[in-house]
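Just start.txt here, compact mmCIF, C-alpha atoms:
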```
# COMPACT_ATOMS: atom_id res chain seq x y z
CA MET A 247 42.64 -71.36 238.85
CA PRO A 248 46.34 -71.80 239.61
CA SER A 249 48.86 -70.97 236.95
CA THR A 250 50.17 -73.82 234.89
CA SER A 251 53.70 -72.39 234.85
CA PRO A 252 56.19 -73.77 237.42
CA PRO A 253 57.31 -71.51 240.27
CA ALA A 254 60.29 -69.45 239.18
CA ALA A 255 62.18 -70.10 242.40
CA VAL A 256 62.29 -73.88 241.93
CA SER A 257 64.81 -75.55 239.69
CA PRO A 258 63.26 -77.85 237.05
CA ASP A 259 66.00 -80.39 237.88
CA LEU A 260 64.33 -81.04 241.22
CA PHE A 261 61.27 -82.40 239.41
CA SER A 262 63.16 -84.92 237.26
CA VAL A 263 62.77 -88.65 237.89
CA PRO A 264 65.08 -89.64 240.81
CA SER A 265 67.78 -92.29 240.50
CA ARG A 266 65.97 -94.76 242.82
CA PRO A 267 62.32 -94.12 242.08
CA TRP A 268 60.86 -97.38 243.35
CA ALA A 269 62.59 -97.13 246.72
CA GLY A 270 60.74 -93.89 247.26
CA VAL A 271 57.46 -95.40 246.06
CA LEU A 272 57.83 -98.31 248.49
CA ALA A 273 58.61 -95.89 251.31
CA LEU A 274 55.40 -93.98 250.53
CA GLY A 275 53.51 -97.29 250.58
CA GLY A 276 55.04 -97.91 254.01
CA ALA A 277 53.79 -94.50 255.16
CA THR A 278 50.20 -95.22 254.09
CA PHE A 279 50.44 -98.67 255.70
CA SER A 280 51.57 -97.06 258.97
CA VAL A 281 48.81 -94.45 259.14
CA VAL A 282 46.02 -96.88 258.17
CA SER A 283 47.25 -99.52 260.65
CA THR A 284 47.30 -96.90 263.40
CA GLU A 285 43.92 -95.46 262.41
CA MET A 286 42.14 -98.83 262.40
CA LEU A 287 43.98 -100.60 265.27
CA PRO A 288 41.22 -99.90 267.85
CA VAL A 289 38.84 -102.03 265.76
CA GLY A 290 40.54 -105.11 267.20
CA LEU A 291 41.21 -103.62 270.65
CA LEU A 292 37.88 -102.09 271.69
CA THR A 293 37.18 -104.65 274.42
CA PRO A 294 40.68 -104.42 275.99
CA LEU A 295 40.44 -100.61 275.81
CA ASP A 296 37.05 -100.73 277.55
CA ASP A 297 38.50 -102.79 280.38
CA GLY A 298 41.88 -101.09 280.62
CA LEU A 299 40.55 -97.54 280.79
CA ASP A 300 37.22 -98.38 282.47
CA VAL A 301 35.02 -96.78 279.81
CA SER A 302 31.98 -97.87 277.85
CA ALA A 303 32.20 -99.42 274.38
CA GLY A 304 30.66 -96.31 272.88
CA THR A 305 33.28 -94.08 274.50
CA ALA A 306 36.09 -96.37 273.37
CA GLY A 307 34.63 -96.14 269.86
CA LEU A 308 35.56 -92.46 269.82
CA THR A 309 39.14 -93.60 269.28
CA LEU A 310 38.01 -94.52 265.76
CA THR A 311 35.68 -91.62 265.07
CA LEU A 312 37.92 -88.77 266.26
CA PRO A 313 40.96 -89.45 264.01
CA GLY A 314 38.73 -89.61 260.93
CA LEU A 315 37.08 -86.29 261.69
CA VAL A 316 40.41 -84.59 262.44
CA ALA A 317 41.91 -86.07 259.26
CA ALA A 318 39.03 -84.64 257.21
CA VAL A 319 39.96 -81.15 258.44
CA ALA A 320 43.73 -81.64 258.39
CA ALA A 321 43.95 -82.96 254.83
CA PRO A 322 43.04 -79.69 253.07
CA LEU A 323 44.62 -77.39 255.69
CA LEU A 324 48.03 -78.98 256.22
CA PRO A 325 49.35 -78.32 252.66
CA VAL A 326 48.30 -74.71 253.16
CA ALA A 327 50.20 -74.56 256.46
CA VAL A 328 53.46 -76.07 255.15
CA ARG A 329 53.34 -74.03 251.91
CA ARG A 330 56.74 -74.39 250.14
CA ALA A 331 58.31 -76.81 252.62
CA ASP A 332 60.08 -79.85 251.16
CA ARG A 333 57.51 -82.67 251.05
CA ARG A 334 60.09 -85.26 252.08
CA ARG A 335 60.77 -83.38 255.30
CA VAL A 336 57.08 -82.83 255.98
CA LEU A 337 56.29 -86.53 255.50
CA CYS A 338 59.18 -87.52 257.80
CA ALA A 339 57.90 -85.10 260.43
CA LEU A 340 54.37 -86.49 260.14
CA LEU A 341 55.61 -90.06 260.63
CA LEU A 342 57.65 -89.01 263.66
CA LEU A 343 54.55 -87.29 265.05
CA LEU A 344 52.59 -90.48 264.36
CA GLY A 345 55.18 -92.44 266.35
CA ALA A 346 54.93 -89.98 269.23
CA ALA A 347 51.12 -90.22 269.17
CA ASP A 348 51.30 -94.03 269.24
CA LEU A 349 53.72 -93.89 272.18
CA LEU A 350 51.41 -91.50 274.01
CA SER A 351 48.54 -93.92 273.32
CA ALA A 352 50.55 -96.76 274.82
CA LEU A 353 51.21 -94.72 277.97
CA ALA A 354 47.68 -93.28 278.31
CA THR A 355 46.19 -93.64 281.80
CA ASP A 356 42.72 -92.35 280.97
CA ILE A 357 40.50 -91.87 277.94
CA ALA A 358 41.17 -88.11 277.69
CA VAL A 359 44.89 -88.71 277.11
CA LEU A 360 44.16 -91.45 274.60
CA LEU A 361 41.74 -89.24 272.66
CA ALA A 362 44.31 -86.41 272.60
CA ALA A 363 46.81 -88.86 271.11
CA ARG A 364 44.25 -90.05 268.58
CA ALA A 365 43.59 -86.45 267.53
CA LEU A 366 47.30 -86.20 266.69
CA VAL A 367 46.91 -89.41 264.70
CA GLY A 368 44.16 -87.70 262.70
CA ILE A 369 46.52 -84.86 261.77
CA CYS A 370 49.04 -87.42 260.52
CA ILE A 371 46.43 -89.34 258.53
CA GLY A 372 45.17 -86.24 256.77
CA GLY A 373 48.66 -84.87 256.12
CA VAL A 374 50.12 -88.11 254.77
CA TRP A 375 47.22 -88.70 252.37
CA ALA A 376 47.15 -85.09 251.21
CA LEU A 377 50.86 -85.13 250.32
CA ALA A 378 51.74 -88.74 249.52
CA ALA A 379 48.76 -89.55 247.30
CA GLY A 380 49.96 -87.41 244.41
CA LEU A 381 53.73 -87.93 244.64
CA ALA A 382 54.03 -91.10 242.54
CA VAL A 383 53.86 -89.03 239.35
CA ARG A 384 56.98 -87.15 240.48
CA LEU A 385 58.99 -90.28 241.28
CA VAL A 386 58.63 -92.60 238.29
CA PRO A 387 58.48 -92.30 234.48
CA ALA A 388 55.06 -91.55 233.01
CA ALA A 389 54.55 -95.14 231.85
CA SER A 390 54.88 -96.43 235.44
CA VAL A 391 52.70 -93.87 237.24
CA GLY A 392 49.66 -96.17 237.46
CA ARG A 393 51.66 -99.01 238.98
CA ALA A 394 53.48 -96.68 241.38
CA THR A 395 50.22 -95.08 242.53
CA SER A 396 48.87 -98.58 243.18
CA VAL A 397 51.86 -99.33 245.42
CA VAL A 398 51.27 -96.14 247.42
CA PHE A 399 47.58 -96.96 247.91
CA SER A 400 48.26 -100.65 248.58
CA GLY A 401 49.10 -99.60 252.14
CA ILE A 402 45.34 -99.47 252.79
CA ALA A 403 44.65 -103.08 251.80
CA VAL A 404 47.89 -104.46 253.25
CA ALA A 405 47.08 -102.81 256.59
CA SER A 406 43.72 -104.62 256.54
CA VAL A 407 45.38 -107.96 255.79
CA LEU A 408 48.52 -107.69 257.96
CA GLY A 409 48.72 -104.57 260.10
CA ILE A 410 45.39 -104.66 261.92
CA PRO A 411 45.33 -108.46 262.54
CA ALA A 412 48.95 -108.37 263.75
CA GLY A 413 48.19 -105.49 266.12
CA THR A 414 45.11 -107.31 267.39
CA LEU A 415 47.13 -110.48 267.99
CA LEU A 416 49.87 -108.59 269.81
CA GLY A 417 47.24 -106.90 271.95
CA ALA A 418 45.77 -110.28 272.87
CA LEU A 419 49.17 -111.75 273.74
CA ALA A 420 50.89 -108.83 275.47
CA GLY A 421 48.21 -106.20 276.08
CA TRP A 422 46.84 -103.28 274.08
CA ARG A 423 49.61 -100.92 275.19
CA TRP A 424 52.25 -103.05 273.45
CA ALA A 425 50.24 -102.99 270.23
CA PHE A 426 50.39 -99.18 270.18
CA ALA A 427 54.08 -99.28 271.15
CA ALA A 428 54.83 -101.57 268.20
CA LEU A 429 53.17 -99.09 265.84
CA ALA A 430 55.31 -96.31 267.33
CA VAL A 431 58.41 -98.27 266.33
CA LEU A 432 56.95 -98.91 262.87
CA ALA A 433 56.29 -95.19 262.37
CA ALA A 434 59.86 -94.29 263.37
CA VAL A 435 61.32 -96.87 260.98
CA THR A 436 59.07 -95.60 258.20
CA ALA A 437 60.22 -92.02 258.83
CA LEU A 438 63.82 -93.19 258.42
CA ALA A 439 62.93 -95.03 255.20
CA LEU A 440 61.30 -91.89 253.79
CA ALA A 441 64.34 -89.80 254.67
CA LEU A 442 66.68 -92.25 252.92
CA ALA A 443 64.58 -93.23 249.90
CA LEU A 444 62.87 -90.03 248.80
CA PRO A 445 64.67 -87.32 246.83
CA PRO A 446 64.14 -83.63 247.67
CA LEU A 447 60.51 -82.86 246.83
CA PRO A 448 59.95 -79.10 246.87
CA ALA A 449 56.39 -77.90 246.57
CA GLU A 450 55.32 -77.62 242.94
CA GLN A 451 53.51 -74.46 244.01
CA PRO A 452 52.36 -73.16 247.41
CA VAL A 453 48.84 -74.25 248.29
CA ARG A 454 46.48 -71.46 249.34
CA LEU A 455 42.96 -71.59 250.76
CA GLY A 456 41.71 -69.54 247.83
CA GLU A 457 42.97 -72.21 245.47
CA LEU A 458 41.10 -74.91 247.37
CA ARG A 459 37.94 -72.79 247.27
CA ARG A 460 38.28 -72.30 243.51
CA LEU A 461 38.71 -76.03 242.96
CA ALA A 462 35.74 -76.85 245.17
CA GLY A 463 33.67 -74.18 243.42
CA ASP A 464 34.10 -75.56 239.92
CA SER A 465 31.13 -77.69 238.91
CA ARG A 466 33.30 -80.36 237.30
CA VAL A 467 35.44 -80.76 240.41
CA ARG A 468 32.30 -81.08 242.48
CA ARG A 469 31.00 -83.81 240.18
CA GLY A 470 34.25 -85.78 240.35
CA VAL A 471 34.80 -85.49 244.09
CA GLY A 472 31.06 -85.92 244.70
CA ALA A 473 31.08 -89.23 242.82
CA VAL A 474 33.91 -90.50 245.01
CA ALA A 475 32.12 -89.27 248.14
CA VAL A 476 28.82 -91.09 247.52
CA LEU A 477 30.74 -94.21 246.50
CA VAL A 478 32.73 -94.21 249.74
CA VAL A 479 29.65 -93.38 251.84
CA GLY A 480 27.85 -96.35 250.31
CA HIS A 481 30.76 -98.68 250.91
CA PHE A 482 31.26 -97.79 254.56
CA ALA A 483 27.54 -97.66 255.33
CA ALA A 484 27.37 -101.34 254.37
CA TYR A 485 30.88 -102.59 255.21
CA THR A 486 30.79 -101.28 258.79
CA TYR A 487 28.13 -103.94 259.42
CA VAL A 488 29.49 -106.70 257.22
CA ARG A 489 30.20 -108.99 260.18
CA PRO A 490 26.59 -109.05 261.47
CA VAL A 491 25.43 -109.45 257.86
CA LEU A 492 27.58 -112.57 257.55
CA GLU A 493 26.60 -113.86 260.98
CA ARG A 494 23.00 -114.34 259.82
CA VAL A 495 24.09 -116.58 256.90
CA PRO A 496 23.50 -120.27 257.73
CA GLY A 497 26.72 -122.26 258.00
CA LEU A 498 29.06 -119.33 258.66
CA GLY A 499 30.60 -119.42 262.13
CA SER A 500 33.09 -116.96 263.63
CA GLY A 501 36.06 -118.88 262.25
CA GLN A 502 34.70 -118.90 258.71
CA ILE A 503 33.79 -115.23 258.93
CA GLY A 504 37.32 -114.38 260.04
CA MET A 505 38.74 -116.26 257.06
CA LEU A 506 36.30 -114.52 254.72
CA LEU A 507 37.32 -111.10 256.02
CA LEU A 508 40.95 -112.07 255.46
CA GLY A 509 39.99 -113.09 251.92
CA TYR A 510 38.26 -109.75 251.48
CA GLY A 511 41.49 -107.98 252.45
CA LEU A 512 43.60 -110.07 250.09
CA ALA A 513 41.14 -109.40 247.28
CA GLY A 514 41.48 -105.70 248.10
CA VAL A 515 45.24 -105.89 247.53
CA VAL A 516 44.65 -107.50 244.12
CA GLY A 517 41.96 -104.95 243.34
CA THR A 518 44.27 -102.06 244.15
CA PHE A 519 46.85 -103.15 241.59
CA ALA A 520 44.26 -104.18 239.01
CA GLY A 521 42.56 -100.82 239.45
CA GLY A 522 45.88 -99.05 238.97
CA VAL A 523 46.51 -100.86 235.69
CA LEU A 524 43.03 -100.15 234.35
CA ALA A 525 42.99 -96.56 235.61
CA ALA A 526 46.26 -95.85 233.80
CA ARG A 527 44.35 -96.48 230.56
CA SER A 528 40.94 -94.99 231.42
CA PRO A 529 40.40 -93.84 235.01
CA ARG A 530 36.84 -92.57 234.59
CA ARG A 531 35.64 -95.75 232.91
CA THR A 532 37.36 -97.75 235.67
CA LEU A 533 35.42 -95.80 238.30
CA VAL A 534 32.21 -96.40 236.37
CA VAL A 535 32.84 -100.16 236.47
CA ILE A 536 33.73 -99.95 240.18
CA ALA A 537 30.58 -97.98 241.08
CA ALA A 538 28.31 -100.32 239.10
CA GLY A 539 30.07 -103.40 240.42
CA LEU A 540 30.08 -102.28 244.05
CA GLY A 541 26.41 -101.33 244.03
CA THR A 542 25.44 -104.60 242.37
CA VAL A 543 27.55 -106.80 244.68
CA VAL A 544 26.27 -105.20 247.87
CA LEU A 545 22.66 -105.41 246.67
CA LEU A 546 23.06 -109.09 245.75
CA LEU A 547 24.08 -109.88 249.33
CA VAL A 548 20.41 -109.44 250.26
CA PRO A 549 19.08 -112.50 248.37
CA ALA A 550 22.39 -114.35 248.94
CA ARG A 551 21.84 -114.52 252.72
CA ALA A 552 20.50 -118.07 252.35
CA SER A 553 23.72 -119.36 250.77
CA ALA A 554 27.12 -119.40 252.45
CA GLY A 555 28.87 -120.01 249.12
CA ALA A 556 27.16 -117.14 247.34
CA SER A 557 27.76 -114.77 250.26
CA ALA A 558 31.43 -115.73 250.39
CA ALA A 559 31.89 -115.21 246.65
CA LEU A 560 30.17 -111.84 246.77
CA LEU A 561 32.32 -110.69 249.71
CA ILE A 562 35.53 -111.55 247.87
CA LEU A 563 34.22 -109.75 244.77
CA TRP A 564 33.36 -106.77 246.98
CA GLY A 565 36.97 -106.56 248.18
CA LEU A 566 38.28 -106.87 244.63
CA VAL A 567 36.03 -104.08 243.34
CA TYR A 568 36.47 -101.64 246.21
CA GLY A 569 40.26 -102.12 246.22
CA GLY A 570 40.49 -100.01 243.06
CA VAL A 571 38.54 -96.97 244.32
CA SER A 572 41.36 -94.89 245.82
CA VAL A 573 43.93 -95.43 243.10
CA SER A 574 41.39 -94.88 240.30
CA ALA A 575 40.06 -91.66 241.85
CA GLN A 576 43.57 -90.30 242.44
CA THR A 577 44.65 -91.17 238.90
CA TRP A 578 41.55 -89.59 237.36
CA LEU A 579 41.73 -86.34 239.30
CA SER A 580 45.51 -85.99 238.93
CA ALA A 581 45.22 -86.34 235.16
CA ALA A 582 42.32 -83.90 235.09
CA VAL A 583 44.16 -81.18 237.03
CA PRO A 584 47.88 -81.75 236.46
CA GLN A 585 48.69 -78.16 237.37
CA ALA A 586 47.05 -78.51 240.81
CA ARG A 587 47.70 -82.10 241.82
CA GLU A 588 48.54 -81.44 245.45
CA PRO A 589 45.61 -79.10 246.22
CA LEU A 590 43.23 -81.58 244.63
CA SER A 591 44.83 -84.49 246.53
CA ALA A 592 44.31 -82.52 249.74
CA LEU A 593 40.69 -81.81 248.83
CA LEU A 594 40.08 -85.44 247.88
CA ALA A 595 41.65 -86.72 251.13
CA GLY A 596 39.44 -84.41 253.16
CA VAL A 597 36.30 -85.52 251.33
CA PHE A 598 37.33 -89.18 251.56
CA ASN A 599 37.73 -89.07 255.36
CA THR A 600 34.48 -87.17 255.74
CA ALA A 601 32.72 -89.77 253.59
CA ILE A 602 34.11 -92.59 255.75
CA ALA A 603 32.70 -90.99 258.91
CA LEU A 604 29.39 -90.18 257.20
CA GLY A 605 29.08 -93.68 255.79
CA ALA A 606 29.63 -95.32 259.18
CA PHE A 607 27.15 -92.89 260.78
CA THR A 608 24.54 -93.50 258.06
CA GLY A 609 24.94 -97.24 258.39
CA GLY A 610 24.50 -97.09 262.14
CA ARG A 611 21.32 -95.04 261.97
CA THR A 612 19.91 -97.29 259.23
CA VAL A 613 20.64 -100.50 261.13
CA ASP A 614 19.09 -99.14 264.31
CA ALA A 615 15.95 -97.98 262.51
CA LEU A 616 15.42 -100.53 259.73
CA GLY A 617 17.81 -103.47 260.13
CA LEU A 618 20.65 -105.15 258.22
CA THR A 619 18.82 -105.70 254.94
CA ALA A 620 18.06 -101.99 254.76
CA VAL A 621 21.70 -101.02 255.34
CA LEU A 622 22.77 -103.16 252.38
CA CYS A 623 20.15 -101.48 250.20
CA VAL A 624 21.21 -98.01 251.35
CA GLY A 625 24.89 -98.79 250.73
CA ALA A 626 24.19 -100.17 247.26
CA THR A 627 21.98 -97.22 246.32
CA SER A 628 24.60 -94.70 247.43
CA ALA A 629 27.30 -96.45 245.39
CA LEU A 630 25.09 -96.50 242.30
CA LEU A 631 24.37 -92.78 242.69
CA ALA A 632 27.99 -92.18 241.71
CA LEU A 633 27.26 -93.29 238.14
CA PRO A 634 25.48 -90.17 236.84
CA LEU A 635 28.17 -88.00 238.42
CA LEU A 636 30.93 -89.86 236.59
CA PHE A 637 29.71 -88.75 233.18
CA PRO A 638 30.55 -85.20 232.06
CA PRO A 639 27.65 -82.89 231.22
CA SER A 640 26.88 -82.42 227.55
CA HIS A 641 27.62 -78.69 227.75
CA PRO A 642 30.74 -76.95 229.04
CA SER A 643 30.58 -75.06 232.32
CA ARG A 644 30.59 -71.29 232.34
CA LEU A 645 34.09 -71.33 233.79
CA SER A 646 35.41 -73.32 230.84
CA ARG A 647 33.76 -70.88 228.41
CA ARG A 648 35.18 -67.79 230.07
CA ARG A 649 37.76 -66.05 227.91
CA PRO A 650 40.32 -63.57 229.16
CA PRO A 651 40.35 -60.15 227.46
CA GLY A 652 42.12 -60.41 224.15
CA GLY A 653 42.97 -64.04 224.61
CA SER A 654 41.74 -67.53 223.86
CA ALA A 655 39.75 -69.70 226.20
CA PRO A 656 41.88 -71.11 229.02
CA ARG A 657 42.33 -74.84 229.53
CA PRO A 658 39.49 -76.14 231.69
CA PRO A 659 40.79 -76.64 235.23
CA PHE A 660 38.97 -79.96 235.49
CA ALA A 661 38.90 -81.91 232.25
CA HIS A 662 37.39 -85.37 232.09
CA PRO A 663 39.96 -87.98 231.03
CA PRO A 664 38.51 -90.96 229.19
```

For this file, produce the structure as structure tokens.
Amino acid sequence: MPSTSPPAAVSPDLFSVPSRPWAGVLALGGATFSVVSTEMLPVGLLTPLDDGLDVSAGTAGLTLTLPGLVAAVAAPLLPVAVRRADRRRVLCALLLLLGAADLLSALATDIAVLLAARALVGICIGGVWALAAGLAVRLVPAASVGRATSVVFSGIAVASVLGIPAGTLLGALAGWRWAFAALAVLAAVTALALALALPPLPAEQPVRLGELRRLAGDSRVRRGVGAVAVLVVGHFAAYTYVRPVLERVPGLGSGQIGMLLLGYGLAGVVGTFAGGVLAARSPRRTLVVIAAGLGTVVLLLVPARASAGASAALLILWGLVYGGVSVSAQTWLSAAVPQAREPLSALLAGVFNTAIALGAFTGGRTVDALGLTAVLCVGATSALLALPLLFPPSHPSRLSRRRPPGGSAPRPPFAHPP
């Protein structure tokens, strides 16, 4: 495992709390808002994209699938590629690349050009999450890390509530090209905010592929990341089809469903900050509550299909519970491996994006074969499967028992915080 001593070439002063910590935290939240808004924008523009580029709905859907798959690969590899580069500069470059990709999307004349632009978006998504997710601990005092991490991850929920609906509305009023152009401007403004608000952020240590392999090879890392993976797979297997699930509930029309999805997004914002507060005290226990709550809520939507009120309440509770997943997982794993925060953030971001794609794929195959009730059961079961993985084994792993010659046992590279 990586050494716990800081690199000799880096001054310890560069890792002290900056003079304007919350400005940097807000800028990081703006970065996550920008990449999530760009990633999910085609959700509201699939029909205009079909018509504008003369492609099928399935082909237009690749604009959602491709960035996620590229992000899953880019997240662990980009920190390796940039090595010791200042993280502020790398994040600014990624946001400028995101703006260029959005502009290319706006100018695309055929689906091949648009997909090439969306592949660039995937690189930006993976890179931003791999680097930004673990930076809050370097910007604010220890007592504020949970709240700061919540702000960084709030970009996900705020994009669902504001970014995606605003892009969809702009696309309806002015055309889909202007929606992508607006996101290009947003990315450029965010890059400027990062440049002005963040202090110099040299790499704590260069990330190497061997380090990622060692992290992934430790049984305790696999349990932690595996728990997050099955939780996210379960969520997206079910949530991808939440609209048709709600459409079969008596008394819920398209207008009511739209309001409920907005309520889900707002609940997600609340859940992100509530999860951050709880995870600051006990991240593993918070994830246990989230996994149990998510599995139960999704499963209860099966008998609740006869009641609009019950379905609405469960959907809002779903948003509240799931809103805390990202911040709780990041807090837990960062505390468990403080000497390798960035490599683990990169690994987690890669697994997270893979789980999103796998969840959507699993949900689609389940719906086609067995129907909507089955997809809710599959999603709930997957979420509940995270529970046994969230509890440490009763015996230490062989790696934790290994002792160097003439020395004492090293600190386990993946401890389990309470």

Where does segment 356-425 of chain A meet segment 593-611 of chain A within 10 Å, residue by residue, with the nearest atom pair and distance in Å to one decimal for each, counting only C-alpha atoms, listed by chain and rising number, as a tab-separated table?
```
residue	atom	partner	partner_atom	distance
A:Gly368	CA	A:Asn599	CA	9.9
A:Ile371	CA	A:Ala595	CA	9.2
A:Gly372	CA	A:Ala595	CA	6.7
A:Gly373	CA	A:Ala595	CA	8.8
A:Val374	CA	A:Ala595	CA	9.3
A:Trp375	CA	A:Ala595	CA	6.0
A:Ala376	CA	A:Ala595	CA	5.7
A:Leu377	CA	A:Ala595	CA	9.4
A:Ala379	CA	A:Ala595	CA	8.6
```

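The spacing separating atom CA of Val383 of chain A from atom CA of Ser580 of chain A amounts to 8.9 Å.
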
Counting all atoms listed in the file, which of A:Ala620, A:Ala538, A:Gly497, A:Ala592 gets nearest to Ala320 of chain A?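 Among A:Ala620, A:Ala538, A:Gly497, A:Ala592, it is A:Ala592 that comes nearest to Ala320 of chain A.
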
Pick the closest to Leu349 of chain A from A:Arg330, A:Arg531, A:Arg423, A:Arg393: which is it, counting only C-alpha atoms?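 Nearest to Leu349 of chain A: A:Arg423.
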
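Counting all atoms listed in the file and comparing A:Gly421, A:Gly499, A:Gly511, A:Pro589, the residue that lies closest to Leu295 of chain A is A:Gly421.
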
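Take atom CA of Ala352 of chain A and atom CA of Arg489 of chain A: the distance between them is 27.9 Å.
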
Which residue of A:Val391, A:Leu408, A:Leu447, A:Leu506 approaches Asp332 of chain A most closely, using all atoms listed in the file: A:Leu447

Please report, as lines of an AutoDock Vina configuration file, the centre and edge lengths in Å to one decimal of an axis-aligned box covering all listed atoms of segment 504-518 of chain A with 4 Å per side.
```
center_x = 40.8
center_y = -109.2
center_z = 251.7
size_x = 16.9
size_y = 22.2
size_z = 24.7
```

Complete the atom set of segment 616-632 of chain A to N, CA, C and O atoms and return it as a PDB file, in the coordinates of the input.
```pdb
ATOM      1  N   LEU A 616      16.057 -99.671 260.734  1.00  0.00           N
ATOM      2  CA  LEU A 616      15.420-100.530 259.730  1.00  0.00           C
ATOM      3  C   LEU A 616      16.032-101.928 259.622  1.00  0.00           C
ATOM      4  O   LEU A 616      15.438-102.800 258.984  1.00  0.00           O
ATOM      5  N   GLY A 617      17.228-102.139 260.157  1.00  0.00           N
ATOM      6  CA  GLY A 617      17.810-103.470 260.130  1.00  0.00           C
ATOM      7  C   GLY A 617      18.904-103.648 259.085  1.00  0.00           C
ATOM      8  O   GLY A 617      19.245-102.733 258.322  1.00  0.00           O
ATOM      9  N   LEU A 618      19.476-104.857 259.051  1.00  0.00           N
ATOM     10  CA  LEU A 618      20.650-105.150 258.220  1.00  0.00           C
ATOM     11  C   LEU A 618      20.325-105.166 256.729  1.00  0.00           C
ATOM     12  O   LEU A 618      21.132-104.726 255.908  1.00  0.00           O
ATOM     13  N   THR A 619      19.176-105.695 256.360  1.00  0.00           N
ATOM     14  CA  THR A 619      18.820-105.700 254.940  1.00  0.00           C
ATOM     15  C   THR A 619      18.755-104.279 254.401  1.00  0.00           C
ATOM     16  O   THR A 619      19.238-103.985 253.297  1.00  0.00           O
ATOM     17  N   ALA A 620      18.187-103.385 255.187  1.00  0.00           N
ATOM     18  CA  ALA A 620      18.060-101.990 254.760  1.00  0.00           C
ATOM     19  C   ALA A 620      19.426-101.343 254.583  1.00  0.00           C
ATOM     20  O   ALA A 620      19.629-100.549 253.658  1.00  0.00           O
ATOM     21  N   VAL A 621      20.392-101.672 255.451  1.00  0.00           N
ATOM     22  CA  VAL A 621      21.700-101.020 255.340  1.00  0.00           C
ATOM     23  C   VAL A 621      22.419-101.466 254.069  1.00  0.00           C
ATOM     24  O   VAL A 621      23.149-100.690 253.448  1.00  0.00           O
ATOM     25  N   LEU A 622      22.203-102.708 253.644  1.00  0.00           N
ATOM     26  CA  LEU A 622      22.770-103.160 252.380  1.00  0.00           C
ATOM     27  C   LEU A 622      22.138-102.412 251.205  1.00  0.00           C
ATOM     28  O   LEU A 622      22.824-102.000 250.263  1.00  0.00           O
ATOM     29  N   CYS A 623      20.836-102.205 251.274  1.00  0.00           N
ATOM     30  CA  CYS A 623      20.150-101.480 250.200  1.00  0.00           C
ATOM     31  C   CYS A 623      20.598-100.020 250.149  1.00  0.00           C
ATOM     32  O   CYS A 623      20.809 -99.463 249.060  1.00  0.00           O
ATOM     33  N   VAL A 624      20.754 -99.401 251.310  1.00  0.00           N
ATOM     34  CA  VAL A 624      21.210 -98.010 251.350  1.00  0.00           C
ATOM     35  C   VAL A 624      22.625 -97.899 250.814  1.00  0.00           C
ATOM     36  O   VAL A 624      22.956 -97.000 250.025  1.00  0.00           O
ATOM     37  N   GLY A 625      23.510 -98.816 251.218  1.00  0.00           N
ATOM     38  CA  GLY A 625      24.890 -98.790 250.730  1.00  0.00           C
ATOM     39  C   GLY A 625      24.963 -98.975 249.230  1.00  0.00           C
ATOM     40  O   GLY A 625      25.706 -98.263 248.532  1.00  0.00           O
ATOM     41  N   ALA A 626      24.194 -99.925 248.698  1.00  0.00           N
ATOM     42  CA  ALA A 626      24.190-100.170 247.260  1.00  0.00           C
ATOM     43  C   ALA A 626      23.644 -98.974 246.498  1.00  0.00           C
ATOM     44  O   ALA A 626      24.203 -98.565 245.465  1.00  0.00           O
ATOM     45  N   THR A 627      22.577 -98.377 247.003  1.00  0.00           N
ATOM     46  CA  THR A 627      21.980 -97.220 246.320  1.00  0.00           C
ATOM     47  C   THR A 627      22.953 -96.054 246.279  1.00  0.00           C
ATOM     48  O   THR A 627      23.095 -95.375 245.250  1.00  0.00           O
ATOM     49  N   SER A 628      23.637 -95.799 247.395  1.00  0.00           N
ATOM     50  CA  SER A 628      24.600 -94.700 247.430  1.00  0.00           C
ATOM     51  C   SER A 628      25.722 -94.923 246.424  1.00  0.00           C
ATOM     52  O   SER A 628      26.128 -94.000 245.712  1.00  0.00           O
ATOM     53  N   ALA A 629      26.232 -96.148 246.347  1.00  0.00           N
ATOM     54  CA  ALA A 629      27.300 -96.450 245.390  1.00  0.00           C
ATOM     55  C   ALA A 629      26.825 -96.230 243.955  1.00  0.00           C
ATOM     56  O   ALA A 629      27.553 -95.661 243.125  1.00  0.00           O
ATOM     57  N   LEU A 630      25.619 -96.656 243.655  1.00  0.00           N
ATOM     58  CA  LEU A 630      25.090 -96.500 242.300  1.00  0.00           C
ATOM     59  C   LEU A 630      24.820 -95.043 241.947  1.00  0.00           C
ATOM     60  O   LEU A 630      24.838 -94.665 240.770  1.00  0.00           O
ATOM     61  N   LEU A 631      24.584 -94.203 242.953  1.00  0.00           N
ATOM     62  CA  LEU A 631      24.370 -92.780 242.690  1.00  0.00           C
ATOM     63  C   LEU A 631      25.621 -92.095 242.154  1.00  0.00           C
ATOM     64  O   LEU A 631      25.540 -90.977 241.625  1.00  0.00           O
ATOM     65  N   ALA A 632      26.768 -92.746 242.277  1.00  0.00           N
ATOM     66  CA  ALA A 632      27.990 -92.180 241.710  1.00  0.00           C
ATOM     67  C   ALA A 632      27.968 -92.204 240.187  1.00  0.00           C
ATOM     68  O   ALA A 632      28.650 -91.389 239.541  1.00  0.00           O
TER      69      ALA A 632
END
```
